[in-house]
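Input: a single structure, listed below in structure tokens.
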Protein chains: 2
Amino acid sequence: MMTVPQICAYLNEQEDILILCHQSPDGDTLGSGFGLYYALRALGKRAQVVCSDPIPPQFSYLLPEEMPQITPRCIVAVDVADPQLLGDKLSCLADKVDLCIDHHPSNRGYAARTLVRPDAAATAEVMAEIIRGLQVRLDQRMADCIYTGLCTDTGCFQYSNVTSYTLRIAADMMDLGADAYHINRKMFGTKSKARIAMEREVLDSLIYAMDGRVAVIAVTKEMLDRTGAKESELDGLSSIPREIEGVKVGITLREKPGGFKISVRTVEEIDAANICALFGGGGHARAAGCFIPETLERCREKVIDAAKAACKEAGF
Amino acid sequence: MMTVPQICAYLNEQEDILILCHQSPDGDTLGSGFGLYYALRALGKRAQVVCSDPIPPQFSYLLPEEMPQITPRCIVAVDVADPQLLGDKLSCLADKVDLCIDHHPSNRGYAARTLVRPDAAATAEVMAEIIRGLQVRLDQRMADCIYTGLCTDTGCFQYSNVTSYTLRIAADMMDLGADAYHINRKMFGTKSKARIAMEREVLDSLIYAMDGRVAVIAVTKEMLDRTGAKESELDGLSSIPREIEGVKVGITLREKPGGFKISVRTVEEIDAANICALFGGGGHARAAGCFIPETLERCREKVIDAAKAACKEAGF
């Protein structure tokens, strides 16, 4: 594990740096990636940010006017816990990552150099420190990037990962000109018509178990076809079940080729990663995932049974 | 207008202080009120917080174990912009308020002494300064109070009223032990099962007109009967239509005896009050209301027609 000064010293020596974001990009991987991009550019270095998936239009304000292709001599992954999350188009780079900057405790340590800060609310929180360590003047664009990472990974400073340090970094970014209000509106205050249609479908699919202690929603291919919702329009849907009063385990089933991707969110007393480990998955204590190669009904049954057992064990 | 040091000097000289919150109490009036209460208690003074309406159960963590009734010798209103907002039970005190601490620019200046900070995101932001000025050690309970005021009045640091100062005060409160995560969960992260059922019903009722520029939802008596949702569980539903991408006029029809209460939300270019004026209503430029004594279908037709005309006039 490297320290911030070591990372900064390392980056200072590199040229032609390719920055990898994870697939299905969110505000943290993009904010951290482009934050680093602008900082490296300010140091006079060539850099490029790449992602297997297209960048959703709501993040267009993060992008530079132009970003010429480079022949990379150094590869940095940001917010990518597992090389599998690089996605198909970048999977060929999985064993060539020179540096990984992340905050997921589940980081697989696949890179030659790694900085993981599991106590950071977002990779952007770590990136702010790195940019400062690079002695780059943090400008408004970098501040927008960092703020975007912070607010998206914390549900606008709502989740349990937020510390006073997170809030102070966000405050610093506002002082540096981050357009917090408009970023928040883009991230949280506007929903596409397809997203609204998906919310309706998802609420129609809602099922309770164990007297309302377990809540399950489903996102099927059929729903996606019907609503025209894209991958990026599904963000946050999986937090719906756990937000319901009295629910201890919130479960989202998401149809994938050959089965269902399961997302489990829990209250403090229950370990989501333990539930998912039963099906070969893992993650954080409050949010974890796994894949079950079965039909919707069978998946639902299996994961509800596991959730019930976890509730009972926790005394609910 | 008084300064914080003047307010602190004044409060230091007072005994038996009655603290008034506004009716339909929210996190800011309660957080500011109880924050001040605990600070005055820490100074060895008797105090009492009162409100015309019962305190909603989600705020119970703000309350002291017991709060004996006092015979007031000083009356302080917190977050009460207009004496009418004191509500029926406290209206007799409207012209007896010795001190008002507030952040609403519309404050009527009805108190003998007033501190209004229109640039503060919440009255709690001002209250944090006052408690510090009183040289009271801010403890965990006061920090919970201040954090509650900050997060509720800013939609968890999402609105345009948030400054870096707001975030830093929130960070300070976390350092003092404010249980930010659980407060946020109570305020934003939890929805009752009836509320979730209502959201489903409301999304089922969603209708678009004029190629998606107008969106209409309905809340009927039948839905309320079916879901068991209470009045207080409908908060914020009427902002759903306007949050949809591309919608210029968002309309909510709410069944009432003899017809429908109409709530209209608009984008900048369209005046909601003008639309509602056609039906004898009024309000603000972005949010207005009226009543139409007709069936759901007829109400919907009439208000959609009015919204279409307004869109056309605005060039949409």
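Here, A, B, ... name the chains of the structure tokens in the order displayed, residue numbers run from 1 inside each chain, and ligands are numbered from 1 in the same displayed order.
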
Each residue of chain B with at least one atom at most 7 Å from chain A should appear once, together with its nearest atom pair and the corresponding distance in Å (one decimal); atoms considered: only C-alpha atoms; ordering: chain, then increasing residue number; output as a tab-separated table.
```
residue	atom	partner	partner_atom	distance
B:Cys156	CA	A:Gln158	CA	6.6
B:Phe157	CA	A:Cys156	CA	6.8
B:Gln158	CA	A:Asn184	CA	5.8
B:Tyr159	CA	A:Tyr181	CA	6.0
B:Ser160	CA	A:Tyr181	CA	5.2
B:Ser164	CA	A:Ala171	CA	4.2
B:Leu167	CA	A:Ala171	CA	5.7
B:Arg168	CA	A:Arg168	CA	5.8
B:Ala171	CA	A:Ser164	CA	4.1
B:Asp172	CA	A:Ser164	CA	6.9
B:Met174	CA	A:Ser164	CA	5.8
B:Asp175	CA	A:Ser164	CA	6.4
B:Tyr181	CA	A:Ser160	CA	5.1
B:Asn184	CA	A:Gln158	CA	5.7
B:Gly189	CA	A:Glu243	CA	5.4
B:Thr190	CA	A:Glu243	CA	4.7
B:Lys191	CA	A:Ile244	CA	4.8
B:Ser192	CA	A:Glu245	CA	4.9
B:Lys193	CA	A:Ile244	CA	6.1
B:Arg200	CA	A:Leu203	CA	5.7
B:Leu203	CA	A:Arg200	CA	5.6
B:Asp204	CA	A:Arg200	CA	6.7
B:Glu243	CA	A:Thr190	CA	4.9
B:Ile244	CA	A:Lys191	CA	4.8
B:Glu245	CA	A:Ser192	CA	4.8
```

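If you count only C-alpha atoms and ignore residues fewer than 5 places along the chain from stretch 108-118 of chain A, what sits within 9 Å of it is Met1, Met2, Thr3, Val4, Ile7, Val76, Ala77, Ala81, Asp82, Pro83, Ala94, Asp95, Lys96, Val97, Asp98, Leu99, Cys100, Ile101, Asp102, His103, Thr123 and Val126 of chain A.
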
Could you write those residues out with N, CA and C atoms, as an mmCIF file, in the first residue's frame?
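Here's the written file again.cif:
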```
data_model
loop_
_atom_site.group_PDB
_atom_site.id
_atom_site.type_symbol
_atom_site.label_atom_id
_atom_site.label_comp_id
_atom_site.auth_asym_id
_atom_site.auth_seq_id
_atom_site.Cartn_x
_atom_site.Cartn_y
_atom_site.Cartn_z
ATOM 1 N N MET A 1 0.837 -1.209 0.000
ATOM 2 C CA MET A 1 0.000 0.000 0.000
ATOM 3 C C MET A 1 0.871 1.258 0.000
ATOM 4 N N MET A 2 0.547 2.161 -0.915
ATOM 5 C CA MET A 2 1.347 3.381 -1.016
ATOM 6 C C MET A 2 0.710 4.528 -0.238
ATOM 7 N N THR A 3 1.509 5.542 0.026
ATOM 8 C CA THR A 3 0.990 6.746 0.686
ATOM 9 C C THR A 3 0.765 7.820 -0.377
ATOM 10 N N VAL A 4 0.041 8.874 0.009
ATOM 11 C CA VAL A 4 -0.203 9.962 -0.935
ATOM 12 C C VAL A 4 1.115 10.586 -1.410
ATOM 13 N N ILE A 7 2.621 8.336 -4.001
ATOM 14 C CA ILE A 7 1.856 8.380 -5.256
ATOM 15 C C ILE A 7 2.202 9.651 -6.034
ATOM 16 N N VAL A 76 -3.237 4.216 -14.968
ATOM 17 C CA VAL A 76 -3.772 4.452 -13.621
ATOM 18 C C VAL A 76 -5.262 4.122 -13.616
ATOM 19 N N ALA A 77 -5.686 3.262 -12.706
ATOM 20 C CA ALA A 77 -7.119 2.956 -12.564
ATOM 21 C C ALA A 77 -7.660 3.727 -11.362
ATOM 22 N N ALA A 81 -12.272 -1.358 -8.232
ATOM 23 C CA ALA A 81 -11.902 -2.290 -7.159
ATOM 24 C C ALA A 81 -11.392 -3.622 -7.697
ATOM 25 N N ASP A 82 -11.854 -3.954 -8.902
ATOM 26 C CA ASP A 82 -11.574 -5.287 -9.451
ATOM 27 C C ASP A 82 -11.332 -5.113 -10.953
ATOM 28 N N PRO A 83 -10.310 -5.748 -11.507
ATOM 29 C CA PRO A 83 -10.043 -5.540 -12.944
ATOM 30 C C PRO A 83 -11.245 -5.934 -13.820
ATOM 31 N N ALA A 94 -6.066 -5.237 -17.918
ATOM 32 C CA ALA A 94 -6.250 -5.643 -16.513
ATOM 33 C C ALA A 94 -4.936 -5.930 -15.788
ATOM 34 N N ASP A 95 -3.985 -6.565 -16.466
ATOM 35 C CA ASP A 95 -2.732 -6.890 -15.764
ATOM 36 C C ASP A 95 -1.609 -5.905 -16.095
ATOM 37 N N LYS A 96 -2.003 -4.743 -16.614
ATOM 38 C CA LYS A 96 -1.006 -3.731 -16.971
ATOM 39 C C LYS A 96 -1.184 -2.442 -16.170
ATOM 40 N N VAL A 97 -1.984 -2.514 -15.120
ATOM 41 C CA VAL A 97 -2.265 -1.292 -14.358
ATOM 42 C C VAL A 97 -1.093 -0.980 -13.424
ATOM 43 N N ASP A 98 -0.492 0.196 -13.604
ATOM 44 C CA ASP A 98 0.675 0.587 -12.814
ATOM 45 C C ASP A 98 0.289 1.128 -11.446
ATOM 46 N N LEU A 99 -0.899 1.743 -11.387
ATOM 47 C CA LEU A 99 -1.304 2.393 -10.145
ATOM 48 C C LEU A 99 -2.820 2.340 -10.038
ATOM 49 N N CYS A 100 -3.315 1.999 -8.866
ATOM 50 C CA CYS A 100 -4.756 2.009 -8.635
ATOM 51 C C CYS A 100 -5.056 2.884 -7.422
ATOM 52 N N ILE A 101 -5.972 3.836 -7.614
ATOM 53 C CA ILE A 101 -6.389 4.724 -6.525
ATOM 54 C C ILE A 101 -7.864 4.437 -6.268
ATOM 55 N N ASP A 102 -8.191 4.078 -5.033
ATOM 56 C CA ASP A 102 -9.536 3.552 -4.788
ATOM 57 C C ASP A 102 -9.934 3.753 -3.327
ATOM 58 N N HIS A 103 -11.200 3.492 -3.037
ATOM 59 C CA HIS A 103 -11.659 3.542 -1.634
ATOM 60 C C HIS A 103 -12.484 2.307 -1.269
ATOM 61 N N THR A 123 -13.584 7.895 -3.835
ATOM 62 C CA THR A 123 -12.224 7.983 -4.362
ATOM 63 C C THR A 123 -11.854 9.452 -4.575
ATOM 64 N N VAL A 126 -9.843 10.988 -1.840
ATOM 65 C CA VAL A 126 -8.422 10.660 -1.920
ATOM 66 C C VAL A 126 -7.771 11.493 -3.030
#
```

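From atom CA of A:Glu125 back to atom CA of A:Pro64, the distance works out to 21.1 Å.
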
| said: DSSP on the backbone: which residues in stretch 6-63 of chain B end up as strand (DSSP E or B)? Give the answer as a list in words. | reply: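 The strand (DSSP E or B) residues within stretch 6-63 of chain B come out as Ile17, Leu18, Ile19, Leu20, Ala47, Gln48, Val49 and Val50 of chain B.
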
Next, dump the selected residues to file, keeping only all heavy atoms, as a PDB file, in the first residue's frame.
```pdb
ATOM      1  N   ILE B  17     -36.729  31.526  30.028  1.00  0.00           N
ATOM      2  CA  ILE B  17     -36.855  31.891  28.610  1.00  0.00           C
ATOM      3  C   ILE B  17     -37.769  30.907  27.885  1.00  0.00           C
ATOM      4  O   ILE B  17     -37.514  29.696  27.866  1.00  0.00           O
ATOM      5  CB  ILE B  17     -35.448  31.913  27.959  1.00  0.00           C
ATOM      6  CG1 ILE B  17     -34.600  32.983  28.660  1.00  0.00           C
ATOM      7  CG2 ILE B  17     -35.533  32.186  26.467  1.00  0.00           C
ATOM      8  CD1 ILE B  17     -33.163  32.607  28.807  1.00  0.00           C
ATOM      9  N   LEU B  18     -38.815  31.444  27.284  1.00  0.00           N
ATOM     10  CA  LEU B  18     -39.739  30.622  26.512  1.00  0.00           C
ATOM     11  C   LEU B  18     -39.341  30.707  25.040  1.00  0.00           C
ATOM     12  O   LEU B  18     -39.217  31.800  24.482  1.00  0.00           O
ATOM     13  CB  LEU B  18     -41.183  31.126  26.686  1.00  0.00           C
ATOM     14  CG  LEU B  18     -42.257  30.220  26.095  1.00  0.00           C
ATOM     15  CD1 LEU B  18     -42.367  28.914  26.888  1.00  0.00           C
ATOM     16  CD2 LEU B  18     -43.614  30.935  26.071  1.00  0.00           C
ATOM     17  N   ILE B  19     -39.135  29.535  24.412  1.00  0.00           N
ATOM     18  CA  ILE B  19     -38.674  29.499  23.029  1.00  0.00           C
ATOM     19  C   ILE B  19     -39.831  29.065  22.141  1.00  0.00           C
ATOM     20  O   ILE B  19     -40.411  27.994  22.345  1.00  0.00           O
ATOM     21  CB  ILE B  19     -37.478  28.536  22.884  1.00  0.00           C
ATOM     22  CG1 ILE B  19     -36.331  29.001  23.798  1.00  0.00           C
ATOM     23  CG2 ILE B  19     -37.030  28.422  21.435  1.00  0.00           C
ATOM     24  CD1 ILE B  19     -35.251  27.954  24.011  1.00  0.00           C
ATOM     25  N   LEU B  20     -40.196  29.894  21.151  1.00  0.00           N
ATOM     26  CA  LEU B  20     -41.333  29.598  20.281  1.00  0.00           C
ATOM     27  C   LEU B  20     -40.870  29.054  18.932  1.00  0.00           C
ATOM     28  O   LEU B  20     -40.053  29.682  18.257  1.00  0.00           O
ATOM     29  CB  LEU B  20     -42.156  30.866  20.021  1.00  0.00           C
ATOM     30  CG  LEU B  20     -42.502  31.775  21.200  1.00  0.00           C
ATOM     31  CD1 LEU B  20     -43.389  32.934  20.717  1.00  0.00           C
ATOM     32  CD2 LEU B  20     -43.213  30.997  22.298  1.00  0.00           C
ATOM     33  N   ALA B  47     -35.668  27.114  30.903  1.00  0.00           N
ATOM     34  CA  ALA B  47     -36.153  27.411  29.558  1.00  0.00           C
ATOM     35  C   ALA B  47     -37.218  26.397  29.185  1.00  0.00           C
ATOM     36  O   ALA B  47     -37.358  25.341  29.833  1.00  0.00           O
ATOM     37  CB  ALA B  47     -35.004  27.379  28.552  1.00  0.00           C
ATOM     38  N   GLN B  48     -37.976  26.706  28.147  1.00  0.00           N
ATOM     39  CA  GLN B  48     -39.003  25.780  27.659  1.00  0.00           C
ATOM     40  C   GLN B  48     -39.229  26.052  26.177  1.00  0.00           C
ATOM     41  O   GLN B  48     -39.223  27.218  25.751  1.00  0.00           O
ATOM     42  CB  GLN B  48     -40.308  25.997  28.444  1.00  0.00           C
ATOM     43  CG  GLN B  48     -41.388  24.967  28.128  1.00  0.00           C
ATOM     44  CD  GLN B  48     -42.725  25.283  28.814  1.00  0.00           C
ATOM     45  OE1 GLN B  48     -42.800  26.156  29.685  1.00  0.00           O
ATOM     46  NE2 GLN B  48     -43.770  24.590  28.410  1.00  0.00           N
ATOM     47  N   VAL B  49     -39.398  24.983  25.405  1.00  0.00           N
ATOM     48  CA  VAL B  49     -39.688  25.122  23.972  1.00  0.00           C
ATOM     49  C   VAL B  49     -41.169  24.815  23.772  1.00  0.00           C
ATOM     50  O   VAL B  49     -41.668  23.808  24.289  1.00  0.00           O
ATOM     51  CB  VAL B  49     -38.845  24.134  23.139  1.00  0.00           C
ATOM     52  CG1 VAL B  49     -39.161  24.278  21.651  1.00  0.00           C
ATOM     53  CG2 VAL B  49     -37.357  24.341  23.390  1.00  0.00           C
ATOM     54  N   VAL B  50     -41.864  25.668  23.020  1.00  0.00           N
ATOM     55  CA  VAL B  50     -43.281  25.405  22.745  1.00  0.00           C
ATOM     56  C   VAL B  50     -43.591  25.574  21.257  1.00  0.00           C
ATOM     57  O   VAL B  50     -42.885  26.277  20.533  1.00  0.00           O
ATOM     58  CB  VAL B  50     -44.223  26.323  23.568  1.00  0.00           C
ATOM     59  CG1 VAL B  50     -44.224  25.926  25.035  1.00  0.00           C
ATOM     60  CG2 VAL B  50     -43.841  27.779  23.387  1.00  0.00           C
TER      61      VAL B  50
END
```

| What are the DSSP helix (DSSP H, G or I) residues of stretch 100-236 of chain B, as a ChimeraX atom specification? | /B:123-133,140-153,164-175,180-187,193-204,221-227,231-234

| message | as a PyMOL selection string, please: the residues near stretch 301-305 of chain A (cut-off 10 Å, only C-alpha atoms, same-chain neighbours under 2 positions excluded). | response | chain A and resi 208-210+214-216+249-253+262-264+275-276+278-279+292+294-299+307-311

| said: Restricting the calculation to only C-alpha atoms: of A:Cys74, A:Met67, A:Ala178, A:Cys290, which residue gets closest to A:Ala143? | reply: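 Of all the options, A:Ala178 lies closest to A:Ala143.
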
| request: Quick one: everything within 6 Å of B:Cys21, counting only C-alpha atoms, minus sequence neighbours fewer than 3 positions away in the same chain. Send it as a ChimeraX atom specification. | output: /B:29,51,78

| said: Would you pick out the contacts of B:Met142 at 10 Å or less, using only C-alpha atoms, so that residues sharing its chain but fewer than 6 positions from it are not included, and give the list as a ChimeraX atom specification? | reply: /B:31-32,34-39,62,128,131,148,173,176-178

Any chance you could export the current selection's N, CA, C and O atoms as an mmCIF file, in the first residue's frame?
```cif
data_model
loop_
_atom_site.group_PDB
_atom_site.id
_atom_site.type_symbol
_atom_site.label_atom_id
_atom_site.label_comp_id
_atom_site.auth_asym_id
_atom_site.auth_seq_id
_atom_site.Cartn_x
_atom_site.Cartn_y
_atom_site.Cartn_z
ATOM 1 N N GLY B 31 -34.743 22.173 15.604
ATOM 2 C CA GLY B 31 -33.313 22.037 15.883
ATOM 3 C C GLY B 31 -32.752 23.322 16.490
ATOM 4 O O GLY B 31 -31.990 23.286 17.466
ATOM 5 N N SER B 32 -33.149 24.457 15.936
ATOM 6 C CA SER B 32 -32.682 25.739 16.464
ATOM 7 C C SER B 32 -33.249 25.969 17.860
ATOM 8 O O SER B 32 -32.539 26.431 18.761
ATOM 9 N N PHE B 34 -34.446 23.708 20.148
ATOM 10 C CA PHE B 34 -33.896 22.832 21.182
ATOM 11 C C PHE B 34 -32.390 23.038 21.352
ATOM 12 O O PHE B 34 -31.857 22.877 22.442
ATOM 13 N N GLY B 35 -31.704 23.424 20.292
ATOM 14 C CA GLY B 35 -30.287 23.765 20.423
ATOM 15 C C GLY B 35 -30.114 24.909 21.414
ATOM 16 O O GLY B 35 -29.297 24.847 22.338
ATOM 17 N N LEU B 36 -30.951 25.942 21.248
ATOM 18 C CA LEU B 36 -30.906 27.080 22.167
ATOM 19 C C LEU B 36 -31.314 26.652 23.574
ATOM 20 O O LEU B 36 -30.688 27.054 24.569
ATOM 21 N N TYR B 37 -32.331 25.811 23.652
ATOM 22 C CA TYR B 37 -32.802 25.311 24.953
ATOM 23 C C TYR B 37 -31.665 24.646 25.735
ATOM 24 O O TYR B 37 -31.403 24.991 26.891
ATOM 25 N N TYR B 38 -30.939 23.716 25.082
ATOM 26 C CA TYR B 38 -29.869 22.999 25.779
ATOM 27 C C TYR B 38 -28.739 23.952 26.167
ATOM 28 O O TYR B 38 -28.116 23.797 27.219
ATOM 29 N N ALA B 39 -28.483 24.933 25.316
ATOM 30 C CA ALA B 39 -27.418 25.894 25.620
ATOM 31 C C ALA B 39 -27.795 26.729 26.846
ATOM 32 O O ALA B 39 -26.965 26.953 27.735
ATOM 33 N N LEU B 62 -34.693 14.891 19.447
ATOM 34 C CA LEU B 62 -34.277 16.253 19.821
ATOM 35 C C LEU B 62 -34.751 16.639 21.220
ATOM 36 O O LEU B 62 -34.216 17.567 21.824
ATOM 37 N N ALA B 128 -25.851 28.099 15.757
ATOM 38 C CA ALA B 128 -24.532 27.542 16.097
ATOM 39 C C ALA B 128 -23.602 28.670 16.535
ATOM 40 O O ALA B 128 -22.870 28.541 17.519
ATOM 41 N N ILE B 131 -24.699 29.925 20.046
ATOM 42 C CA ILE B 131 -24.315 29.007 21.137
ATOM 43 C C ILE B 131 -22.820 29.146 21.425
ATOM 44 O O ILE B 131 -22.393 29.194 22.570
ATOM 45 N N THR B 148 -29.511 18.851 12.519
ATOM 46 C CA THR B 148 -30.880 18.604 12.034
ATOM 47 C C THR B 148 -31.421 19.825 11.293
ATOM 48 O O THR B 148 -32.002 19.704 10.212
ATOM 49 N N MET B 173 -20.234 20.006 13.594
ATOM 50 C CA MET B 173 -21.249 19.294 14.384
ATOM 51 C C MET B 173 -20.960 17.792 14.401
ATOM 52 O O MET B 173 -21.133 17.132 15.415
ATOM 53 N N LEU B 176 -18.358 17.107 16.816
ATOM 54 C CA LEU B 176 -18.864 17.207 18.191
ATOM 55 C C LEU B 176 -19.794 16.045 18.524
ATOM 56 O O LEU B 176 -20.398 16.015 19.593
ATOM 57 N N GLY B 177 -19.956 15.131 17.576
ATOM 58 C CA GLY B 177 -20.722 13.925 17.874
ATOM 59 C C GLY B 177 -22.100 13.851 17.249
ATOM 60 O O GLY B 177 -22.847 12.896 17.510
ATOM 61 N N ALA B 178 -22.481 14.828 16.420
ATOM 62 C CA ALA B 178 -23.801 14.753 15.782
ATOM 63 C C ALA B 178 -23.890 13.456 14.991
ATOM 64 O O ALA B 178 -22.976 13.107 14.241
#
```

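In terms of minimum interatomic distance to A:Gly282, A:Ser106 ranks closest within A:Thr220, A:Ser106, A:Ser91, A:Thr152, counting only C-alpha atoms.
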
| Quick one: distance from atom CA of B:His284 to atom CA of B:Lys248 in Å, one decimal? |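 For atom CA of B:His284 relative to atom CA of B:Lys248, the distance reads 15.5 Å.
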
| request: Record the distance separating atom CA of A:Glu233 and atom CA of A:Ala272, expressed in Å with one decimal. | output: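 Rounded to one decimal, the two atoms are 24.0 Å apart.
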